[in-house]
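Trainee: Next up, run08.cif (mmCIF, C-alpha atoms and all ligand atoms).
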```cif
data_my_file
#
loop_
_atom_site.label_atom_id
_atom_site.label_comp_id
_atom_site.auth_asym_id
_atom_site.auth_seq_id
_atom_site.Cartn_x
_atom_site.Cartn_y
_atom_site.Cartn_z
CA MET A 1 -31.35 99.41 47.79
CA ASN A 2 -35.00 100.47 47.57
CA LEU A 3 -37.74 97.84 47.70
CA ILE A 4 -41.51 97.54 47.48
CA PHE A 5 -43.31 94.62 49.16
CA LEU A 6 -46.63 93.89 47.46
CA GLY A 7 -49.29 91.40 48.45
CA PRO A 8 -52.72 91.03 50.02
CA PRO A 9 -53.36 91.80 53.69
CA GLY A 10 -51.93 88.94 55.75
CA ALA A 11 -49.39 87.87 53.12
CA GLY A 12 -46.54 88.59 55.54
CA LYS A 13 -45.33 91.92 54.10
CA GLY A 14 -44.78 93.49 57.52
CA THR A 15 -42.99 90.47 59.01
CA GLN A 16 -40.69 90.09 56.00
CA ALA A 17 -40.13 93.85 55.68
CA GLN A 18 -38.98 93.98 59.32
CA ARG A 19 -36.53 91.12 58.71
CA VAL A 20 -35.14 92.41 55.42
CA ALA A 21 -34.86 95.99 56.70
CA ALA A 22 -32.93 94.80 59.77
CA ALA A 23 -30.63 92.53 57.73
CA HIS A 24 -29.75 95.19 55.15
CA GLY A 25 -29.86 98.38 57.21
CA LEU A 26 -32.93 99.69 55.36
CA VAL A 27 -35.73 101.86 56.72
CA GLN A 28 -39.12 100.10 56.82
CA LEU A 29 -41.83 102.46 55.58
CA SER A 30 -45.26 101.04 56.45
CA THR A 31 -48.08 103.39 55.52
CA GLY A 32 -50.42 101.32 57.74
CA ASP A 33 -48.13 101.93 60.76
CA MET A 34 -47.82 105.63 59.91
CA LEU A 35 -51.59 106.00 59.59
CA ARG A 36 -52.20 104.09 62.85
CA ALA A 37 -49.73 106.43 64.57
CA ALA A 38 -51.60 109.44 63.14
CA VAL A 39 -54.93 108.02 64.37
CA ALA A 40 -53.46 107.40 67.85
CA ALA A 41 -52.02 110.92 67.97
CA GLY A 42 -55.32 112.44 66.80
CA THR A 43 -53.70 114.48 64.02
CA GLU A 44 -55.71 115.93 61.13
CA VAL A 45 -54.60 113.01 58.90
CA GLY A 46 -55.53 110.58 61.66
CA LEU A 47 -59.01 112.05 62.02
CA LYS A 48 -59.58 111.72 58.26
CA ALA A 49 -58.20 108.16 58.08
CA LYS A 50 -59.77 106.57 61.18
CA ALA A 51 -63.24 105.58 59.90
CA VAL A 52 -61.89 104.49 56.50
CA MET A 53 -59.32 102.19 58.12
CA GLU A 54 -61.87 100.73 60.52
CA ALA A 55 -64.08 99.88 57.54
CA GLY A 56 -61.15 98.18 55.76
CA GLU A 57 -61.21 100.57 52.83
CA LEU A 58 -58.33 102.55 51.35
CA VAL A 59 -57.37 105.99 52.62
CA SER A 60 -57.32 108.58 49.82
CA ASP A 61 -54.30 108.64 47.50
CA ASP A 62 -53.45 112.30 48.26
CA ILE A 63 -53.12 111.61 52.01
CA VAL A 64 -50.87 108.55 51.70
CA VAL A 65 -48.79 109.99 48.86
CA ALA A 66 -48.09 113.13 50.94
CA ILE A 67 -47.00 111.01 53.92
CA VAL A 68 -44.67 108.84 51.83
CA ALA A 69 -43.22 111.77 49.85
CA ASP A 70 -42.32 113.45 53.13
CA ARG A 71 -40.70 110.30 54.60
CA ILE A 72 -38.73 109.34 51.49
CA ALA A 73 -37.10 112.76 51.40
CA GLY A 74 -35.85 112.26 54.98
CA PRO A 75 -32.08 111.73 55.43
CA ASP A 76 -32.55 108.26 56.94
CA CYS A 77 -34.06 106.98 53.68
CA ALA A 78 -30.97 107.87 51.64
CA GLY A 79 -29.43 104.52 52.65
CA GLY A 80 -32.39 102.56 51.26
CA PHE A 81 -35.93 101.65 52.28
CA VAL A 82 -38.61 98.97 52.13
CA LEU A 83 -42.09 100.21 51.26
CA ASP A 84 -44.60 97.95 53.02
CA GLY A 85 -48.25 98.57 52.11
CA PHE A 86 -47.56 101.33 49.61
CA PRO A 87 -48.33 101.83 46.74
CA ARG A 88 -51.81 100.28 46.85
CA THR A 89 -53.31 101.88 43.71
CA VAL A 90 -51.94 102.66 40.25
CA ALA A 91 -52.33 106.39 41.02
CA GLN A 92 -50.08 105.90 44.08
CA ALA A 93 -47.52 104.03 41.98
CA GLU A 94 -47.43 106.84 39.43
CA ALA A 95 -47.10 109.44 42.19
CA LEU A 96 -44.29 107.36 43.72
CA ASP A 97 -42.42 107.34 40.40
CA THR A 98 -42.58 111.15 40.38
CA VAL A 99 -41.38 111.40 43.99
CA LEU A 100 -38.49 109.00 43.30
CA ASP A 101 -37.47 110.91 40.17
CA GLY A 102 -37.50 114.15 42.15
CA ASN A 103 -35.14 112.62 44.74
CA GLY A 104 -32.86 110.91 42.22
CA MET A 105 -33.97 107.48 43.45
CA ARG A 106 -35.30 104.28 41.89
CA ILE A 107 -36.92 101.03 43.01
CA ASP A 108 -34.63 98.01 42.66
CA HIS A 109 -37.16 95.21 43.24
CA VAL A 110 -40.90 94.86 43.72
CA VAL A 111 -41.33 91.69 45.77
CA GLU A 112 -44.77 90.16 45.26
CA MET A 113 -45.82 87.78 48.03
CA THR A 114 -48.42 85.38 46.65
CA VAL A 115 -50.83 83.76 49.12
CA ASP A 116 -54.20 81.98 48.66
CA ASP A 117 -57.15 84.07 49.84
CA ASP A 118 -58.33 81.14 52.01
CA ALA A 119 -55.15 81.28 54.12
CA LEU A 120 -55.31 85.02 54.69
CA VAL A 121 -58.22 85.11 57.12
CA GLU A 122 -56.48 82.66 59.48
CA ARG A 123 -53.20 84.54 59.19
CA ILE A 124 -54.79 87.89 59.90
CA SER A 125 -57.00 86.81 62.77
CA GLY A 126 -54.05 85.32 64.71
CA ARG A 127 -51.62 88.18 64.54
CA PHE A 128 -50.39 90.54 67.23
CA SER A 129 -47.40 92.84 67.75
CA CYS A 130 -45.17 94.25 70.48
CA VAL A 131 -46.39 97.62 71.77
CA ALA A 132 -42.84 98.83 72.44
CA CYS A 133 -41.07 97.96 69.16
CA GLY A 134 -43.78 96.79 66.75
CA ALA A 135 -42.27 93.32 66.17
CA ALA A 136 -44.89 91.10 64.51
CA TYR A 137 -46.12 87.75 65.91
CA HIS A 138 -48.81 85.16 65.25
CA ASP A 139 -50.71 82.80 67.58
CA ARG A 140 -49.93 79.75 65.40
CA PHE A 141 -47.10 80.58 63.03
CA ASN A 142 -44.78 82.89 64.92
CA ARG A 143 -45.00 82.96 68.71
CA PRO A 144 -42.38 84.76 70.85
CA LYS A 145 -39.61 82.32 71.93
CA VAL A 146 -40.47 83.00 75.57
CA GLU A 147 -44.22 83.29 76.14
CA GLY A 148 -45.26 86.90 76.80
CA VAL A 149 -41.80 88.37 76.09
CA CYS A 150 -40.90 90.12 72.83
CA ASP A 151 -37.92 88.42 71.10
CA ALA A 152 -36.71 91.73 69.70
CA CYS A 153 -36.87 94.13 72.69
CA GLY A 154 -37.93 92.15 75.77
CA GLY A 155 -41.21 94.08 76.01
CA GLY A 156 -44.14 92.35 77.72
CA GLU A 157 -47.11 94.18 76.22
CA PHE A 158 -48.76 93.15 72.97
CA VAL A 159 -51.57 94.55 70.86
CA ARG A 160 -54.00 93.29 68.20
CA ARG A 161 -55.19 95.57 65.40
CA GLU A 162 -58.80 96.71 65.43
CA ASP A 163 -59.17 96.02 61.71
CA ASP A 164 -57.92 92.41 62.02
CA ASN A 165 -61.42 90.90 62.27
CA ALA A 166 -63.20 88.59 59.79
CA GLU A 167 -65.65 91.26 58.59
CA THR A 168 -63.07 93.93 57.83
CA VAL A 169 -60.69 91.38 56.32
CA ALA A 170 -63.27 90.62 53.61
CA THR A 171 -63.46 94.32 52.68
CA ARG A 172 -59.66 94.62 52.73
CA LEU A 173 -59.33 91.61 50.41
CA ARG A 174 -61.85 93.09 47.99
CA ALA A 175 -59.92 96.39 48.04
CA TYR A 176 -56.73 94.44 47.30
CA HIS A 177 -58.14 92.61 44.28
CA ALA A 178 -59.92 95.66 42.84
CA GLN A 179 -57.40 98.44 43.54
CA THR A 180 -53.98 96.95 44.34
CA ALA A 181 -53.73 93.87 42.07
CA PRO A 182 -53.51 96.13 38.96
CA LEU A 183 -50.05 97.08 40.26
CA LEU A 184 -48.80 93.61 39.36
CA PRO A 185 -48.93 94.20 35.57
CA TYR A 186 -47.74 97.79 36.19
CA TYR A 187 -44.46 96.56 37.73
CA ARG A 188 -44.21 93.42 35.57
CA GLU A 189 -44.17 95.61 32.44
CA ARG A 190 -41.33 97.60 34.00
CA GLY A 191 -39.34 94.40 34.62
CA ALA A 192 -39.33 94.99 38.39
CA LEU A 193 -41.73 92.31 39.68
CA ARG A 194 -40.22 89.41 41.68
CA PRO A 195 -42.86 86.88 42.81
CA VAL A 196 -42.11 84.78 45.92
CA ASP A 197 -44.25 81.99 47.41
CA GLY A 198 -45.82 83.61 50.47
CA MET A 199 -47.48 80.30 51.43
CA ALA A 200 -44.09 78.91 52.50
CA GLU A 201 -42.96 78.92 56.12
CA ILE A 202 -41.67 82.33 57.38
CA ASP A 203 -37.91 81.53 57.23
CA ALA A 204 -38.31 79.98 53.77
CA VAL A 205 -40.02 83.15 52.49
CA THR A 206 -37.15 85.23 53.87
CA ARG A 207 -34.67 82.97 52.02
CA GLN A 208 -36.60 83.41 48.76
CA ILE A 209 -36.52 87.20 49.19
CA GLU A 210 -32.79 87.12 49.96
CA ALA A 211 -32.26 85.14 46.74
CA VAL A 212 -34.09 87.86 44.81
CA LEU A 213 -31.93 90.57 46.41
CA ASP A 214 -28.82 88.56 45.51
CA GLY A 215 -29.86 88.75 41.88
CA GLY A 216 -31.78 85.49 41.43
CA GLY A 217 -35.53 85.05 40.85
CA GLY A 218 -37.87 87.47 39.19
CA ASP A 219 -39.60 87.56 35.87
P1 LIG B 1 -51.86 97.83 56.55
O1 LIG B 1 -51.25 97.98 57.90
O2 LIG B 1 -50.87 98.00 55.44
O3 LIG B 1 -52.70 96.58 56.41
O4 LIG B 1 -52.89 99.07 56.38
C1 LIG B 1 -54.00 99.22 57.26
C2 LIG B 1 -55.02 100.16 56.66
O5 LIG B 1 -54.42 101.46 56.45
C3 LIG B 1 -55.54 99.77 55.28
O6 LIG B 1 -56.62 98.84 55.36
C4 LIG B 1 -55.97 101.12 54.72
O7 LIG B 1 -57.19 101.56 55.27
C5 LIG B 1 -54.87 102.04 55.24
N1 LIG B 1 -53.71 102.12 54.31
C6 LIG B 1 -52.43 101.70 54.53
N2 LIG B 1 -51.65 101.93 53.48
C7 LIG B 1 -52.44 102.51 52.54
C8 LIG B 1 -52.24 102.97 51.21
N3 LIG B 1 -51.04 102.87 50.62
N4 LIG B 1 -53.30 103.50 50.55
C9 LIG B 1 -54.51 103.61 51.12
N5 LIG B 1 -54.78 103.18 52.37
C10 LIG B 1 -53.76 102.64 53.07
#
```
In structure tokens, write the structure found in this file.
Mentor:
Amino acid sequence: MNLIFLGPPGAGKGTQAQRVAAAHGLVQLSTGDMLRAAVAAGTEVGLKAKAVMEAGELVSDDIVVAIVADRIAGPDCAGGFVLDGFPRTVAQAEALDTVLDGNGMRIDHVVEMTVDDDALVERISGRFSCVACGAAYHDRFNRPKVEGVCDACGGGEFVRREDDNAETVATRLRAYHAQTAPLLPYYRERGALRPVDGMAEIDAVTRQIEAVLDGGGGD
């Protein structure tokens, strides 16, 4: 099963992608995580992407498409994957279709997580993740069960993203509405779009997504 999770920054794509990937044995492919790893490693891609990411704008289509094309062709993706944060432009979606065709693959569901813009700033400014395993948390909505200890791996070190600040969030939201929202009609026309209410509580969103994967929901 191959999935795309679509939605604005802070909608919960990463949190839900981690859960669904773990539950179904899928590989989570987050272009944001891959780009952050490239920045941290100081690779050529990382050097090109760093300033763009810090400003909250989109990295160029050719860079992200090349990264995803390379990952999707990997043997671990043959058992299914969740794309989280990609595609983000119509050009990326078209390039993805070509890559999938070339690998004899298809997307089963495009899960759209709908969230009010007003809620996104609070969601984004409270989030943090485990340094060791990347598990996602939030100051208000999703704290570790034991304070300071990662539920998933027991790690004790957490990190907040540099681009999770009010100023950059506004730019990221504008980029979403201008460049990514046109993907909604793109996938709706293909009969693949499955909206879920991203304003619901985290477990309830997971249940809605599971219902979609079981064959319910969608438009
Ligand atoms: P995310 O972790 O998905 O919020 O992505 C963080 C940042 O990485 C974004 O604000 C962009 O600068 C960049 N990025 C991630 N995925 C993409 C993509 N598919 N296309 C362009 N830029 C991306």
Trainee: Ranking A:Ala181, A:Val212, A:Ala135, A:Leu173 by minimum distance to Val159 (chain A) and counting only C-alpha atoms, which one comes first?
Mentor: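 Between A:Ala181, A:Val212, A:Ala135, A:Leu173, the residue approaching Val159 (chain A) most closely is A:Ala135.
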Trainee: With only C-alpha atoms as the counted atoms, please give the residues lying no more than 8 Å from region 65-76 of chain A, apart from itself and same-chain residues fewer than 5 positions off, as a PyMOL selection string.
Mentor: chain A and resi 27+29+31+92+95-96+99+103
Trainee: Counting only C-alpha atoms and all ligand atoms, name the residues that have an atom within 8 Å of an atom of ligand LIG 1 (chain B); the answer should be given as a PyMOL selection string.
Mentor: chain A and resi 9-10+14+30-33+35-36+49+52-61+64-65+84-89+92+163+172
Trainee: Mind listing whatever residues come within 7 Å of the point (-52.2, 91.8, 63.5)? Use all atoms listed in the file, file coordinates, and give them as a list in words.
Mentor: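 Within 7 Å of (-52.2, 91.8, 63.5), the protein and nucleic acid residues are Ile124, Ser125, Gly126, Arg127, Phe128, Ser129, Arg160, Arg161 and Asp164 of chain A.
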Trainee: Please determine, counting all atoms listed in the file, which residue among A:Met34, A:Ala178, A:Leu213, A:Val169 has the shortest atom-to-atom distance to Asn2 (chain A).
Mentor: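 Comparing A:Met34, A:Ala178, A:Leu213, A:Val169 against Asn2 (chain A), the winner is A:Leu213.
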Trainee: My list of candidates is A:Lys145, A:His24, A:Arg19, A:Arg188. Which is closest to His109 (chain A) when distances are computed with all atoms listed in the file?
Mentor: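 Of A:Lys145, A:His24, A:Arg19, A:Arg188, the one nearest His109 (chain A), counting all atoms listed in the file, is A:Arg188.
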Trainee: Work out how far CA of Ala21 (chain A) is from CA of Val45 (chain A), in Å to one decimal.
Mentor: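 Result for CA of Val45 (chain A) versus CA of Ala21 (chain A): 26.2 Å, one decimal.
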Trainee: Excluding Ala192 (chain A) and residues on its chain fewer than 2 positions from it, collect all residues at most 12 Å away from it, counting only C-alpha atoms, and give them as a CSV table (one decimal) with C-alpha atoms, in the frame of the given file.
Mentor:
```
chain,number,residue,atom,x,y,z
A,2,ASN,CA,-35.0,100.5,47.6
A,3,LEU,CA,-37.7,97.8,47.7
A,4,ILE,CA,-41.5,97.5,47.5
A,5,PHE,CA,-43.3,94.6,49.2
A,6,LEU,CA,-46.6,93.9,47.5
A,106,ARG,CA,-35.3,104.3,41.9
A,107,ILE,CA,-36.9,101.0,43.0
A,108,ASP,CA,-34.6,98.0,42.7
A,109,HIS,CA,-37.2,95.2,43.2
A,110,VAL,CA,-40.9,94.9,43.7
A,111,VAL,CA,-41.3,91.7,45.8
A,112,GLU,CA,-44.8,90.2,45.3
A,183,LEU,CA,-50.0,97.1,40.3
A,184,LEU,CA,-48.8,93.6,39.4
A,185,PRO,CA,-48.9,94.2,35.6
A,186,TYR,CA,-47.7,97.8,36.2
A,187,TYR,CA,-44.5,96.6,37.7
A,188,ARG,CA,-44.2,93.4,35.6
A,189,GLU,CA,-44.2,95.6,32.4
A,190,ARG,CA,-41.3,97.6,34.0
A,194,ARG,CA,-40.2,89.4,41.7
A,195,PRO,CA,-42.9,86.9,42.8
A,212,VAL,CA,-34.1,87.9,44.8
A,213,LEU,CA,-31.9,90.6,46.4
A,215,GLY,CA,-29.9,88.8,41.9
A,217,GLY,CA,-35.5,85.0,40.8
A,218,GLY,CA,-37.9,87.5,39.2
A,219,ASP,CA,-39.6,87.6,35.9
```
Trainee: So, counting all atoms listed in the file, which residue among A:Ala91, A:Ala204, A:Val131, A:Leu100 is closest to Ala78 (chain A)?
Mentor: A:Leu100
Trainee: Name the closest residue to Asp203 (chain A) among the candidates A:Gly7, A:Gly148, A:Gly104, A:Gly12; distances are taken between atoms, counting all atoms listed in the file.
Mentor: A:Gly12
Trainee: So how far away is CA of Gln16 (chain A) from CA of His138 (chain A), in Å?
Mentor: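 We find that CA of His138 (chain A) and CA of Gln16 (chain A) lie 13.3 Å from each other.
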Trainee: Restricting the calculation to only C-alpha atoms: of A:Val115, A:Cys77, A:Ile202, A:Ala51, which residue gets closest to Ala11 (chain A)?
Mentor: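 Of A:Val115, A:Cys77, A:Ile202, A:Ala51, the one nearest Ala11 (chain A), counting only C-alpha atoms, is A:Val115.
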Trainee: At what distance in Å, to one decimal, does CA of Glu201 (chain A) lie from CA of Tyr176 (chain A)?
Mentor: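 If I compute the distance from CA of Tyr176 (chain A) to CA of Glu201 (chain A), I get 22.5 Å.
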